[in-house]
file input.csv (CSV, C-alpha atoms and all ligand atoms)
chain,number,residue,atom,x,y,z
A,21,MET,CA,8.0,52.2,2.0
A,22,ASN,CA,8.1,56.0,1.9
A,23,PRO,CA,9.3,56.8,-1.7
A,24,THR,CA,10.9,60.0,-0.5
A,25,ARG,CA,13.4,58.3,1.9
A,26,PRO,CA,16.0,57.2,-0.6
A,27,HIS,CA,16.0,60.6,-2.1
A,28,SER,CA,16.3,62.2,1.3
A,29,LEU,CA,19.2,59.9,2.2
A,30,PHE,CA,20.9,60.8,-1.1
A,31,ALA,CA,20.3,64.5,-0.5
A,32,SER,CA,21.7,64.2,3.0
A,33,ILE,CA,24.8,62.4,1.8
A,34,LEU,CA,25.3,65.0,-0.9
A,35,LEU,CA,24.9,67.8,1.6
A,36,VAL,CA,27.5,66.2,3.9
A,37,VAL,CA,29.9,65.7,0.9
A,38,LEU,CA,29.4,69.3,-0.3
A,39,THR,CA,29.9,70.6,3.3
A,40,LEU,CA,33.2,68.7,3.6
A,41,LEU,CA,34.6,69.9,0.3
A,42,SER,CA,35.8,73.3,-0.6
A,43,PRO,CA,35.4,74.5,-4.2
A,44,ALA,CA,38.9,73.2,-4.7
A,45,GLY,CA,37.9,69.8,-3.3
A,46,ILE,CA,39.9,70.2,-0.1
A,47,ALA,CA,38.4,69.1,3.2
A,48,HIS,CA,37.9,72.0,5.7
A,49,ALA,CA,39.0,71.7,9.3
A,50,ASN,CA,35.6,73.1,10.3
A,51,ASP,CA,32.6,74.8,8.8
A,52,GLY,CA,34.2,78.3,8.3
A,53,VAL,CA,34.6,79.6,11.8
A,54,PRO,CA,33.5,83.3,12.0
A,55,VAL,CA,36.5,85.6,12.5
A,56,ILE,CA,37.0,89.4,13.2
A,57,HIS,CA,40.5,90.6,12.5
A,58,VAL,CA,41.9,93.5,14.5
A,59,THR,CA,45.1,94.9,13.1
A,60,ASP,CA,47.5,97.9,13.2
A,61,LEU,CA,47.4,98.0,9.4
A,62,HIS,CA,48.5,101.4,8.3
A,63,ARG,CA,49.6,103.2,5.1
A,64,PRO,CA,52.4,103.9,4.8
A,65,HIS,CA,53.1,100.8,6.8
A,66,VAL,CA,54.7,100.9,10.3
A,67,ASP,CA,55.7,97.2,10.0
A,68,PRO,CA,54.9,95.2,6.8
A,69,ASP,CA,54.0,92.1,9.0
A,70,ASP,CA,50.4,93.2,9.3
A,71,HIS,CA,50.1,93.1,5.5
A,72,TRP,CA,51.5,89.6,5.4
A,73,ASP,CA,49.0,88.7,8.2
A,74,LEU,CA,46.1,90.2,6.3
A,75,ALA,CA,47.0,88.1,3.2
A,76,CYS,CA,47.0,85.0,5.4
A,77,ILE,CA,43.6,85.8,6.8
A,78,TYR,CA,42.1,86.4,3.4
A,79,ALA,CA,43.7,83.2,2.1
A,80,LEU,CA,42.0,81.2,4.9
A,81,ALA,CA,38.7,83.0,4.1
A,82,HIS,CA,39.2,82.3,0.4
A,83,ARG,CA,39.6,78.6,1.1
A,84,GLY,CA,36.5,78.6,3.2
A,85,ASP,CA,38.3,77.7,6.4
A,86,ILE,CA,37.2,80.9,8.1
A,87,ASP,CA,34.2,83.2,7.5
A,88,LEU,CA,35.9,86.6,7.7
A,89,ARG,CA,33.1,88.9,9.2
A,90,GLY,CA,35.0,92.2,9.6
A,91,VAL,CA,38.4,93.9,9.7
A,92,LEU,CA,39.0,96.5,12.4
A,93,ILE,CA,42.0,98.7,11.9
A,94,ASP,CA,43.6,100.4,14.9
A,95,TYR,CA,43.5,104.2,15.0
A,96,PRO,CA,47.0,105.3,14.0
A,97,PRO,CA,49.4,106.0,16.9
A,98,ALA,CA,49.5,109.5,18.1
A,99,GLN,CA,53.2,109.8,17.4
A,100,ARG,CA,52.6,108.9,13.7
A,101,PRO,CA,50.3,111.6,12.3
A,102,ASP,CA,51.2,110.8,8.7
A,103,ARG,CA,49.7,107.3,9.0
A,104,ASN,CA,46.2,106.3,8.0
A,105,PRO,CA,44.2,103.1,8.4
A,106,ASP,CA,45.1,101.1,5.3
A,107,ILE,CA,41.6,100.6,3.9
A,108,ALA,CA,43.2,100.3,0.4
A,109,ALA,CA,44.9,97.0,1.4
A,110,VAL,CA,41.6,95.6,2.6
A,111,ALA,CA,39.9,96.8,-0.6
A,112,GLN,CA,42.6,95.0,-2.6
A,113,MET,CA,42.2,91.8,-0.7
A,114,ASN,CA,38.4,92.0,-1.0
A,115,ARG,CA,38.8,92.5,-4.8
A,116,ILE,CA,41.4,89.7,-5.2
A,117,THR,CA,39.3,87.2,-3.3
A,118,GLY,CA,35.8,88.3,-4.4
A,119,LEU,CA,34.8,88.9,-0.8
A,120,ALA,CA,33.1,92.0,0.6
A,121,VAL,CA,34.3,92.2,4.1
A,122,PRO,CA,33.5,95.4,6.0
A,123,VAL,CA,36.3,97.5,7.5
A,124,ALA,CA,36.1,100.1,10.3
A,125,VAL,CA,38.5,102.1,12.5
A,126,GLY,CA,39.2,101.5,16.2
A,127,THR,CA,38.9,103.9,19.1
A,128,PRO,CA,41.3,106.9,19.1
A,129,HIS,CA,41.3,107.0,22.9
A,130,PRO,CA,43.7,105.0,25.0
A,131,MET,CA,41.9,103.4,28.1
A,132,LYS,CA,42.3,105.7,31.1
A,133,SER,CA,42.0,102.7,33.4
A,134,ARG,CA,41.6,99.0,33.2
A,135,ASN,CA,37.8,99.4,33.5
A,136,ASP,CA,37.4,102.3,31.2
A,137,ALA,CA,34.4,101.7,28.9
A,138,GLN,CA,34.9,105.2,27.3
A,139,SER,CA,31.5,106.6,28.0
A,140,TYR,CA,32.9,109.9,26.9
A,141,ALA,CA,33.6,108.7,23.4
A,142,SER,CA,31.5,110.0,20.5
A,143,LYS,CA,29.6,107.7,18.2
A,144,SER,CA,32.2,108.3,15.5
A,145,ASP,CA,35.0,107.4,18.0
A,146,HIS,CA,33.4,104.0,18.6
A,147,GLN,CA,32.4,103.2,15.0
A,148,GLY,CA,34.7,100.2,14.9
A,149,ILE,CA,33.9,99.0,18.4
A,150,GLU,CA,30.2,99.1,17.5
A,151,MET,CA,30.9,97.2,14.3
A,152,VAL,CA,32.5,94.4,16.4
A,153,LEU,CA,29.6,94.4,18.9
A,154,ASP,CA,27.0,94.3,16.0
A,155,LEU,CA,28.8,91.5,14.3
A,156,LEU,CA,28.8,89.5,17.6
A,157,ARG,CA,25.1,90.2,18.1
A,158,ARG,CA,24.1,89.1,14.6
A,159,SER,CA,26.3,86.0,14.5
A,160,GLY,CA,24.5,82.7,15.1
A,161,ARG,CA,27.8,81.1,16.1
A,162,PRO,CA,30.5,82.3,18.4
A,163,VAL,CA,33.1,84.5,16.7
A,164,VAL,CA,36.9,84.3,17.0
A,165,ILE,CA,38.7,87.7,17.3
A,166,ASN,CA,42.3,88.2,16.3
A,167,VAL,CA,44.1,91.1,18.0
A,168,ILE,CA,47.5,91.7,16.4
A,169,GLY,CA,48.2,95.3,17.4
A,170,ASP,CA,46.7,97.6,19.9
A,171,SER,CA,44.3,95.9,22.5
A,172,ARG,CA,42.3,98.9,23.2
A,173,SER,CA,39.3,98.5,20.9
A,174,ILE,CA,38.5,94.9,21.9
A,175,ALA,CA,39.3,95.6,25.6
A,176,VAL,CA,36.8,98.5,25.5
A,177,ALA,CA,34.2,96.4,23.6
A,178,GLY,CA,34.5,93.8,26.3
A,179,LYS,CA,33.9,96.4,29.0
A,180,LYS,CA,30.8,97.8,27.1
A,181,ALA,CA,29.2,94.4,26.5
A,182,PRO,CA,30.6,91.7,28.8
A,183,ASP,CA,27.5,89.4,28.5
A,184,LEU,CA,27.8,89.6,24.7
A,185,PHE,CA,31.4,88.5,24.9
A,186,SER,CA,30.6,85.6,27.2
A,187,GLN,CA,27.9,84.4,24.8
A,188,LYS,CA,29.3,85.1,21.4
A,189,CYS,CA,33.1,85.3,21.5
A,190,ALA,CA,34.6,81.9,20.8
A,191,GLY,CA,38.0,83.2,21.8
A,192,VAL,CA,40.4,86.1,21.5
A,193,TYR,CA,43.9,85.4,20.0
A,194,LEU,CA,45.9,88.1,21.8
A,195,ASN,CA,49.3,88.8,20.2
A,196,ALA,CA,51.0,91.0,22.8
A,197,GLY,CA,53.5,90.9,25.7
A,198,CYS,CA,56.2,88.6,26.8
A,199,GLY,CA,55.8,85.0,28.0
A,200,VAL,CA,58.1,85.4,31.0
A,201,PRO,CA,57.3,88.1,33.5
A,202,LYS,CA,59.7,91.0,33.8
A,203,LYS,CA,62.0,91.1,36.8
A,204,ALA,CA,61.1,94.7,37.5
A,205,ASP,CA,57.8,96.5,36.9
A,206,ASN,CA,59.7,99.4,35.2
A,207,ALA,CA,61.4,97.0,32.7
A,208,ARG,CA,61.0,97.7,29.0
A,209,LEU,CA,57.7,96.6,27.5
A,210,GLU,CA,56.9,94.8,24.3
A,211,TYR,CA,55.7,97.1,21.5
A,212,ASN,CA,52.0,96.1,21.4
A,213,VAL,CA,51.8,96.6,25.2
A,214,THR,CA,53.3,100.0,24.9
A,215,LEU,CA,50.4,101.0,22.7
A,216,GLY,CA,48.2,100.7,25.9
A,217,LYS,CA,49.1,99.1,29.1
A,218,ALA,CA,45.6,99.3,30.7
A,219,ALA,CA,44.0,97.8,27.6
A,220,TYR,CA,46.5,95.0,27.6
A,221,GLU,CA,45.7,94.1,31.2
A,222,ALA,CA,42.0,94.5,30.5
A,223,MET,CA,42.2,91.8,27.8
A,224,PHE,CA,42.7,89.3,30.6
A,225,ASP,CA,39.4,90.3,32.1
A,226,LEU,CA,37.4,89.3,29.0
A,227,PRO,CA,34.7,86.8,29.9
A,228,CYS,CA,35.7,84.5,27.0
A,229,PRO,CA,38.6,82.2,26.2
A,230,VAL,CA,41.9,84.1,25.7
A,231,TYR,CA,44.6,82.4,23.6
A,232,TRP,CA,47.6,84.5,24.7
A,233,MET,CA,50.4,84.6,22.1
A,234,PRO,CA,53.3,86.5,23.7
A,235,CYS,CA,55.4,88.1,21.0
A,236,PHE,CA,58.6,87.2,22.7
A,237,GLU,CA,59.5,85.0,25.7
A,238,SER,CA,61.4,88.0,27.0
A,239,LEU,CA,62.9,91.1,25.4
A,240,GLU,CA,66.3,90.1,26.8
A,241,LYS,CA,66.2,86.9,24.7
A,242,LYS,CA,64.8,88.7,21.7
A,243,LYS,CA,67.9,88.3,19.6
A,244,ALA,CA,68.9,84.8,20.7
A,245,PRO,CA,69.0,82.2,18.0
A,246,GLY,CA,66.2,79.6,17.8
A,247,ALA,CA,62.6,79.9,18.9
A,248,PRO,CA,62.1,80.4,22.7
A,249,GLU,CA,59.3,78.3,24.2
A,250,PHE,CA,56.8,81.0,25.2
A,251,GLY,CA,57.1,83.5,22.3
A,252,THR,CA,55.7,83.5,18.8
A,253,HIS,CA,58.4,85.5,17.1
A,254,TYR,CA,60.0,83.9,13.9
A,255,ARG,CA,61.4,85.3,10.7
A,256,PHE,CA,61.6,84.4,7.1
A,257,ARG,CA,63.4,85.6,4.0
A,258,GLN,CA,60.7,87.2,1.8
A,259,SER,CA,62.1,85.8,-1.4
A,260,GLU,CA,61.0,82.3,-0.1
A,261,ILE,CA,57.4,83.3,-0.8
A,262,LEU,CA,57.1,86.5,-2.9
A,263,PRO,CA,58.1,85.0,-6.3
A,264,HIS,CA,55.5,82.2,-5.8
A,265,LEU,CA,52.5,84.4,-5.4
A,266,SER,CA,49.9,85.3,-7.9
A,267,LYS,CA,50.4,88.5,-9.9
A,268,ASN,CA,47.5,90.1,-8.0
A,269,VAL,CA,49.1,89.3,-4.6
A,270,GLN,CA,52.5,90.4,-5.8
A,271,ILE,CA,51.0,93.8,-6.8
A,272,TYR,CA,49.3,94.0,-3.4
A,273,PHE,CA,52.7,93.6,-1.7
A,274,ALA,CA,54.5,95.9,-4.1
A,275,TYR,CA,51.9,98.6,-3.5
A,276,MET,CA,52.5,98.4,0.2
A,277,PHE,CA,56.3,98.1,0.0
A,278,ALA,CA,56.4,101.2,-2.3
A,279,ARG,CA,54.6,103.1,0.5
A,280,GLN,CA,52.1,104.3,-2.1
A,281,THR,CA,49.5,106.8,-0.8
A,282,ASP,CA,47.7,107.5,-4.0
A,283,GLN,CA,44.2,106.3,-4.7
A,284,HIS,CA,45.3,103.9,-7.3
A,285,TRP,CA,44.6,100.7,-5.4
A,286,LEU,CA,42.1,99.2,-7.9
A,287,ARG,CA,43.7,100.1,-11.3
A,288,CYS,CA,47.1,99.0,-10.1
A,289,LEU,CA,45.8,95.5,-9.8
A,290,GLU,CA,45.3,95.6,-13.6
A,291,GLY,CA,49.0,96.4,-14.2
A,292,GLU,CA,52.1,94.4,-13.6
A,293,PRO,CA,54.1,93.9,-10.3
A,294,ASP,CA,57.2,96.0,-9.8
A,295,GLU,CA,59.7,93.2,-10.2
A,296,ALA,CA,62.7,95.3,-9.2
A,297,LEU,CA,61.1,96.3,-6.0
A,298,LEU,CA,60.0,92.8,-5.2
A,299,THR,CA,63.5,91.5,-5.9
A,300,ARG,CA,65.0,94.1,-3.6
A,301,VAL,CA,62.6,93.5,-0.7
A,302,GLY,CA,62.9,89.7,-1.3
A,303,LYS,CA,66.4,90.0,0.0
A,304,GLN,CA,65.1,91.2,3.4
A,305,ASP,CA,64.0,89.1,6.4
A,306,ARG,CA,60.5,89.7,7.7
A,307,HIS,CA,59.9,89.4,11.4
A,308,MET,CA,56.6,87.6,12.1
A,309,TRP,CA,54.5,86.7,15.2
A,310,CYS,CA,50.8,85.8,14.6
A,311,THR,CA,50.7,83.1,11.9
A,312,ALA,CA,50.3,80.0,14.1
A,313,GLY,CA,47.3,81.5,15.8
A,314,PHE,CA,45.5,82.0,12.5
A,315,PHE,CA,45.9,78.3,11.6
A,316,HIS,CA,44.8,77.3,15.1
A,317,ALA,CA,41.6,79.4,15.0
A,318,ALA,CA,40.8,77.8,11.6
A,319,GLY,CA,41.1,74.3,13.1
A,320,TYR,CA,44.7,73.5,12.1
A,321,SER,CA,48.1,73.0,13.7
A,322,VAL,CA,51.4,73.0,11.9
A,323,ALA,CA,53.6,69.9,11.7
A,324,PRO,CA,57.4,70.0,11.6
A,325,ASP,CA,57.4,69.5,7.8
A,326,GLY,CA,55.1,72.6,7.3
A,327,THR,CA,51.9,70.6,6.6
A,328,THR,CA,48.8,71.6,8.6
A,329,PRO,CA,47.1,68.7,10.2
A,330,THR,CA,43.6,69.4,11.6
A,331,LEU,CA,43.5,69.9,15.4
A,332,ASP,CA,41.6,66.7,15.9
A,333,ALA,CA,44.2,64.6,14.0
A,334,THR,CA,45.4,61.9,16.4
A,335,GLY,CA,49.1,61.4,16.9
A,336,ALA,CA,50.1,64.3,14.7
A,337,LYS,CA,53.4,65.9,15.7
A,338,THR,CA,53.0,69.7,15.9
A,339,VAL,CA,55.5,72.5,16.4
A,340,PHE,CA,53.3,74.5,18.8
A,341,SER,CA,50.4,74.1,21.3
A,342,PHE,CA,48.2,76.2,23.4
A,343,ASP,CA,48.6,75.1,27.1
A,344,PRO,CA,45.9,75.8,29.7
A,345,ILE,CA,47.1,78.3,32.4
A,346,ARG,CA,45.8,80.6,35.0
A,347,ILE,CA,47.1,84.2,35.5
A,348,THR,CA,48.4,84.6,38.9
A,349,ARG,CA,49.4,88.3,38.9
A,350,MET,CA,48.9,91.2,36.5
A,351,GLY,CA,51.0,94.3,36.5
A,352,PRO,CA,52.4,96.9,34.2
A,353,GLY,CA,55.7,95.0,34.1
A,354,GLY,CA,54.0,91.9,32.7
A,355,ASN,CA,51.9,89.0,33.9
A,356,GLU,CA,52.8,85.9,35.9
A,357,TRP,CA,51.0,82.7,35.1
A,358,ALA,CA,51.0,79.0,36.1
A,359,PRO,CA,50.1,75.9,34.3
A,360,ASP,CA,46.5,74.9,35.1
A,361,PRO,CA,45.2,71.7,33.4
A,362,ALA,CA,41.7,72.6,34.6
A,363,SER,CA,41.6,76.0,32.9
A,364,THR,CA,39.2,76.2,29.9
A,365,THR,CA,39.5,80.0,29.3
A,366,ARG,CA,43.1,80.9,29.4
A,367,PHE,CA,45.8,79.4,27.2
A,368,ILE,CA,49.4,80.3,26.4
A,369,PHE,CA,51.2,79.7,23.1
A,370,HIS,CA,54.0,77.1,23.6
A,371,VAL,CA,56.6,76.2,21.0
A,372,GLN,CA,56.9,72.5,21.2
A,373,ASP,CA,59.6,72.0,18.5
A,374,PRO,CA,62.1,75.0,18.6
A,375,GLU,CA,64.2,73.5,15.8
A,376,HIS,CA,61.3,73.3,13.3
A,377,TYR,CA,58.9,76.0,14.4
A,378,GLN,CA,60.3,78.8,12.2
A,379,PRO,CA,60.8,76.8,8.9
A,380,ALA,CA,57.5,74.9,9.4
A,381,VAL,CA,55.4,78.0,10.0
A,382,THR,CA,57.1,79.7,7.0
A,383,GLN,CA,56.3,76.7,4.8
A,384,ALA,CA,52.7,76.5,6.0
A,385,MET,CA,52.3,80.2,5.3
A,386,LYS,CA,53.7,79.8,1.8
A,387,GLN,CA,51.3,76.9,1.0
A,388,LEU,CA,48.4,79.0,2.2
A,389,LEU,CA,49.3,82.2,0.3
A,390,VAL,CA,50.0,80.6,-3.0
A,391,GLU,CA,46.3,79.6,-3.0
A,392,LEU,CA,45.2,83.3,-3.3
A,393,PRO,CA,44.1,84.0,-6.9
A,401,CA,CA,50.6,94.1,14.2

call {"tool": "encode", "arguments": {"input": "input.csv", "output": "structure tokens"}}
result
Amino acid sequence: MNPTRPHSLFASILLVVLTLLSPAGIAHANDGVPVIHVTDLHRPHVDPDDHWDLACIYALAHRGDIDLRGVLIDYPPAQRPDRNPDIAAVAQMNRITGLAVPVAVGTPHPMKSRNDAQSYASKSDHQGIEMVLDLLRRSGRPVVINVIGDSRSIAVAGKKAPDLFSQKCAGVYLNAGCGVPKKADNARLEYNVTLGKAAYEAMFDLPCPVYWMPCFESLEKKKAPGAPEFGTHYRFRQSEILPHLSKNVQIYFAYMFARQTDQHWLRCLEGEPDEALLTRVGKQDRHMWCTAGFFHAAGYSVAPDGTTPTLDATGAKTVFSFDPIRITRMGPGGNEWAPDPASTTRFIFHVQDPEHYQPAVTQAMKQLLVELP
């Protein structure tokens, strides 16, 4: 008998056990899927939802559910010259979690057409796009890309290196647009689409899976109560979560809500949170869109009670799904699509349980964020 065999068997079992357990002893949905997060995260903020989303992404990385490879921040919109990419928020989240995730800035140029690879751009202009391409090239495993603001940087990256996207991009979670096509091409557009119509359309050319998460089913229904079927929008009262967060994370949020533009991002973490400010903003609702996609990319769904079963859990009731579709028409007014069970590369976000979607995703987010140290 080979005397090394029992030891090898024991070592193999130990390796499997260690792989399945996080430091906190929680089973992962997968082996830390690589993720690049693309966000319109600015200081002062344009909308605080991107700071909530960043905290969720870092919480998933902290738990080991995702391997956060990079953060790409959109170039600030031309009409907002006082905004800068919020590298301080990323630095704070790196500090809080002990991670060292790189951050770069997206292209300043809108796409001039749907096939514009921006050959006119300088090396500096494409700093962030090249970071994304480099992260894809160096990754041994396909990488998920979250797009939660402007589509232009990932759309241009796809035009610059389509073969790389087909080999190394596991899927793009595209948070933009409306789930139901506009009646007229000149109808009002969803905000993320207004940031660049050509880039939004070009996202549907990407040679990789696209998990399309329309922000609203339609802008006409935007204010209707309850969650529409083909839109991600939900909202929560910030006091449901803020008081339950760690001191560090409360300071991170207070530093954002106070619109601080000093360079005090590190030392403020050593102080105390502004309780009066957090109480005041706690009374406000926050409109949110992207949360369900973060869980899905990490291998989880969300159940009506706010728990997060793994995607392979059989028989689990979930509040959303991604349904296979094909795009039948693209245009500046929006896209038309049809269900297509044979599709393996295009999916649409679908609320399966309108009654529970909003409270369930809020509860799932809370359970995630309280794990941040
Ligand atoms: Ca955003």

call {"tool": "residues_near_ligand", "arguments": {"input": "input.csv", "ligand": "ligand CA 401 (chain A)", "cutoff": "9 Å", "atoms": "all atoms listed in the file", "output": "NGL selection string"}}
result
:A and (58-61 or 66-71 or 73 or 167-170 or 195 or 212 or 309-310)

call {"tool": "atom_distance", "arguments": {"input": "input.csv", "atom1": "CA of Ala222 in chain A", "atom2": "CA of Asp102 in chain A"}}
result
28.7 Å

call {"tool": "atom_distance", "arguments": {"input": "input.csv", "atom1": "CA of Gly84 in chain A", "atom2": "CA of Leu286 in chain A"}}
result
24.1 Å

call {"tool": "closest_atom_pairs", "arguments": {"input": "input.csv", "of": "range 270-325 of chain A", "to": "range 116-134 of chain A", "cutoff": "12 Å", "atoms": "all atoms listed in the file", "output": "tab-separated table"}}
result
residue	atom	partner	partner_atom	distance
A:Gln270	CA	A:Ile116	CA	11.1
A:Ile271	CA	A:Ile116	CA	10.6
A:Tyr272	CA	A:Ile116	CA	9.2
A:Trp285	CA	A:Ile116	CA	11.5
A:Leu286	CA	A:Ile116	CA	9.9
A:Cys288	CA	A:Ile116	CA	12.0
A:Leu289	CA	A:Ile116	CA	8.6
A:Glu290	CA	A:Ile116	CA	11.0

call {"tool": "atom_distance", "arguments": {"input": "input.csv", "atom1": "CA of Pro361 in chain A", "atom2": "CA of Ile347 in chain A"}}
result
12.8 Å

call {"tool": "closest_residue", "arguments": {"input": "input.csv", "among": "A:Ile107, A:Cys189, A:Val381, A:Arg158", "to": "Phe314 in chain A", "atoms": "all atoms listed in the file"}}
result
A:Val381

call {"tool": "residues_around", "arguments": {"input": "input.csv", "residues": "range 330-333 of chain A", "least_positions_apart": "2", "cutoff": "7 Å", "atoms": "only C-alpha atoms", "output": "PyMOL selection string"}}
result
chain A and resi 49+319-321+328+335-336

call {"tool": "residues_near_point", "arguments": {"input": "input.csv", "point": "(40.8, 96.3, 33.6)", "cutoff": "9 Å", "atoms": "all atoms listed in the file", "output": "ChimeraX atom specification"}}
result
/A:133-136,175,179,218-225

call {"tool": "residues_around", "arguments": {"input": "input.csv", "residues": "Trp232 in chain A", "least_positions_apart": "3", "cutoff": "6 Å", "atoms": "only C-alpha atoms", "output": "ChimeraX atom specification"}}
result
/A:194,367-368

call {"tool": "write_last_selection", "arguments": {"input": "input.csv", "atoms": "C-alpha atoms", "output": "short mmCIF file (atom, residue, chain, number, x, y, z; two decimals), in the coordinates of the input"}}
result
data_model
loop_
_atom_site.label_atom_id
_atom_site.label_comp_id
_atom_site.auth_asym_id
_atom_site.auth_seq_id
_atom_site.Cartn_x
_atom_site.Cartn_y
_atom_site.Cartn_z
CA LEU A 194 45.90 88.10 21.80
CA PHE A 367 45.80 79.40 27.20
CA ILE A 368 49.40 80.30 26.40
#

call {"tool": "residues_near_point", "arguments": {"input": "input.csv", "point": "(54.0, 72.6, 30.0)", "cutoff": "10 Å", "atoms": "only C-alpha atoms", "output": "PyMOL selection string"}}
result
chain A and resi 249+341-345+358-361+368+370+372

call {"tool": "write_last_selection", "arguments": {"input": "input.csv", "atoms": "C-alpha atoms", "output": "PDB file, in the frame of the given file"}}
result
ATOM      1  CA  GLU A 249      59.300  78.300  24.200  1.00  0.00           C
ATOM      2  CA  SER A 341      50.400  74.100  21.300  1.00  0.00           C
ATOM      3  CA  PHE A 342      48.200  76.200  23.400  1.00  0.00           C
ATOM      4  CA  ASP A 343      48.600  75.100  27.100  1.00  0.00           C
ATOM      5  CA  PRO A 344      45.900  75.800  29.700  1.00  0.00           C
ATOM      6  CA  ILE A 345      47.100  78.300  32.400  1.00  0.00           C
ATOM      7  CA  ALA A 358      51.000  79.000  36.100  1.00  0.00           C
ATOM      8  CA  PRO A 359      50.100  75.900  34.300  1.00  0.00           C
ATOM      9  CA  ASP A 360      46.500  74.900  35.100  1.00  0.00           C
ATOM     10  CA  PRO A 361      45.200  71.700  33.400  1.00  0.00           C
ATOM     11  CA  ILE A 368      49.400  80.300  26.400  1.00  0.00           C
ATOM     12  CA  HIS A 370      54.000  77.100  23.600  1.00  0.00           C
ATOM     13  CA  GLN A 372      56.900  72.500  21.200  1.00  0.00           C
TER      14      GLN A 372
END
